[in-house]
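> Just dropping this structure here.
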Amino acid sequence: VLQFIGKWCYIIYTKRELIQMYIHLILAAVFPIYIGAHASLRRPPSAAVPKKSKDEDGDDEEEAKIEGMTPSDAIVFPILAGITLGGLYAVIKWMDDPKLLNKILNVYFSGLGIFGVGKLAADCLNVATTFVFPNVWSSAKETYYIEPLLSQQVTGSVSRARVQVHRHFVEDKTNPFPGVLSGVRFSSFVDKKLWAIRAALKNHWIFRAHLHGIFTAKSKIQLNDVLGFVIGVATIALYNMNGKAWWLTNIMGFGFCYGTLQLMSPTTFWTGTLVLSGLFIYDIVMVFYTPLMITVATSLEVPIKLVFPGPKRGSMLGLGDVVLPGIMMALALRFDLYLHYLRKQRTTSKPTIPPRAIEPDTIVRAPYVEATGQWGERFWTRRTKKEDADTVADGARFSKVYFKASLVGYVLAMLVTLVVMNVFNHAQPALLYLVPGVLTALWGTALVRREVGLMWEYSEDGEWGLEPEKKEDGVEKDGVDVKKEKNGSNELV
């Protein structure tokens with residue numbers, strides 16, 4: 001036993017640089033998937049529409065939308081990918097020296113990179129703000145709410161319409177910090193500055209653009225958005241002036257993956273399965289049976305891949321190997337959120353005076369609580385007792401069975417890819433292993449949990465699972481869906 005342990009310790013030590021590079025590769029692949037999937041969360045059809053809040057101009061706030069795929073896209077996607085790859089290969093061979101092509105593509109990706117990196121940086125700053133200036137935090141005994149209108153920390157629920165109701169000032173906590181820092185006594189001048197900094201980071205402006213007959217745009221802008229845009233511009237400028245360093249290439253890649261996971265959805269699990277299956281075949285053909293993939297990947301010096309320095313000239317991973325399984329994994333996380341609110345639904349029925357039949361069952365859906373961007377509040381309220389009042393962080397606390405299963409499948413498949421690549425000393429099509437790993441994890445989990453039917457029916461087309469305001473069977477108002485039960489179709493297995 002000792003000889004066996006010593007042998008493996010020696011192997012690990014001699015190949016420590018290679019192992020470190022592969023750990024770096026796996027973490028870099030998982031990072032944008034994890035944060036992008038959580039940023040893509042939105043209200044599922046099993047949750048009630050919250051009361052529409054109005055902005056400063058009195059306009060209703062609109063829910064974020066995501067671009068969905070159709071089954072026809074699943075067929076066309078691999079074909080278009082093959083045509084694009086073949087076209088790039090032909091141009092590279094025709095030009096002999098791809099310098100001009102690299103310059104053209106760099107201009108294109110630099111423009112996209114400003115917004116991709118800017119969005120990533122802005123959201124990271126927003127998350128950091130929630131850790132420094134959370135809206136609520138908890139100690140072992142009490143939950144404290146930060147009330148910006150009063151520049152005070154209070155206990156108990158706070159009414160926005162009448163802030164004097166159900167509040168109790170905490171006299172020894174005069175600054176906006178959570179935890180131990182909340183008890184630090186600063187001067188009144190410093191306290192005012194701290195509250196002003198918090199307000200500057202939390203408040204937003206409304207940006208409007210209108211061109212008669214062409215377009216109308218409206219967007220909320222925070223200070224962190226401006227800072228994120230500046231970081232995006234600085235990153236792209238540094239990338240083009242600093243010899244395209246590997247870490248700058250990866251930052252741009254993270255930005256592209258992060259933005260794509262929020263904008264794209266396979267709509268349904270079976271559509272996503274079709275897309276990944278088609279790209280599974282595409283990847284095998286392009287890597288093993290043609291020189292197209294390897295030639296294009298090694299000839300183009302553009303941020304369409306993640307680069308990792310290390311022994312044997314380092315390693316690289318195409319962004320497609322992150323984004324394509326990632327959109328399926330993000331769908332799994334949104335499905336977890338759907339199941340969370342589905343299990344919170346209540347069914348009630350009331351008998352009526354004979355000879356009328358019993359009234360249709362009433363499906364009461366829980367109101368949706370925002371699930372994105374509450375990382376700091378989740379951290380600071382982790383010790384909140386269940387019997388205490390709900391906090392803004394509760395929307396992000398839900399079981400993530402399918403997402404975690406897909407994450408395990410992705411990591412295991414990536415490990416298999418790296419092992420096979422070292423054994424055969426040949427570049428491997430990562431999707432050859434990632435697609436079966438992710439799909440097997442998702443459908444296998446559904447099979448074990450007996451939720452295959454529910455998973456098959458789930459859709460993000462914007463209509464499935466939503467009831468119109470007026471219908472023959474009932475009426476839906478304020479999160480109460482009145483309808484007739486049909487063969488247990490509202491049951492969750």
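Residue numbering restarts at 1 in every chain; chains get A, B, ... in the order shown in the structure tokens, and ligands count up from 1 in that same order.
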Produce a table with one row for each residue of segment 283-306 of chain A that has an atom at most 10 Å from any atom of segment 87-98 of chain A, each row naming the nearest atom pair and its distance in Å at one decimal; use only C-alpha atoms; arrange rows by chain and rising residue number; format as CSV.


```
residue,atom,partner,partner_atom,distance
A:Pro291,CA,A:Tyr89,CA,8.8
A:Leu292,CA,A:Tyr89,CA,5.9
A:Met293,CA,A:Tyr89,CA,8.3
A:Ile294,CA,A:Tyr89,CA,9.8
A:Thr295,CA,A:Tyr89,CA,7.1
A:Val296,CA,A:Tyr89,CA,6.0
A:Ala297,CA,A:Tyr89,CA,9.7
A:Ser299,CA,A:Pro98,CA,7.1
A:Leu300,CA,A:Pro98,CA,7.3
A:Glu301,CA,A:Pro98,CA,9.2
```

> Using only C-alpha atoms, find the one residue out of A:Pro178, A:Gly373, A:Gly326, A:Pro367 that sits nearest to Pro45 of chain A.

A:Pro367

> Between atom CA of Gly255 of chain A and atom CA of Gly116 of chain A, measure the distance and give it in Å to one decimal.

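Answer for the atom CA of Gly255 of chain A to atom CA of Gly116 of chain A separation: 4.4 Å.
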
> Counting only C-alpha atoms, what are the residues of segment 271-324 of chain A within 10 Å of segment 29-41 of chain A, and for each of them which pair of atoms is the nearest and at what distance in Å, to one decimal? Sort the table by chain and rising number, as CSV.


```
residue,atom,partner,partner_atom,distance
A:Leu306,CA,A:Ala29,CA,8.3
A:Leu317,CA,A:Ala29,CA,8.2
A:Gly318,CA,A:Ala29,CA,9.7
A:Leu319,CA,A:Ala29,CA,8.7
A:Asp321,CA,A:Ala29,CA,8.3
A:Val322,CA,A:Ala29,CA,6.0
A:Val323,CA,A:Ile33,CA,7.4
A:Leu324,CA,A:Ile33,CA,10.0
```

> Just the helix (DSSP H, G or I) stuff from segment 128-161 of chain A, please, per backbone DSSP, written as a VMD selection string.

chain A and resid 128 to 132

> Quick one: distance from atom CA of Trp246 of chain A to atom CA of Ile304 of chain A in Å, one decimal?

11.8 Å
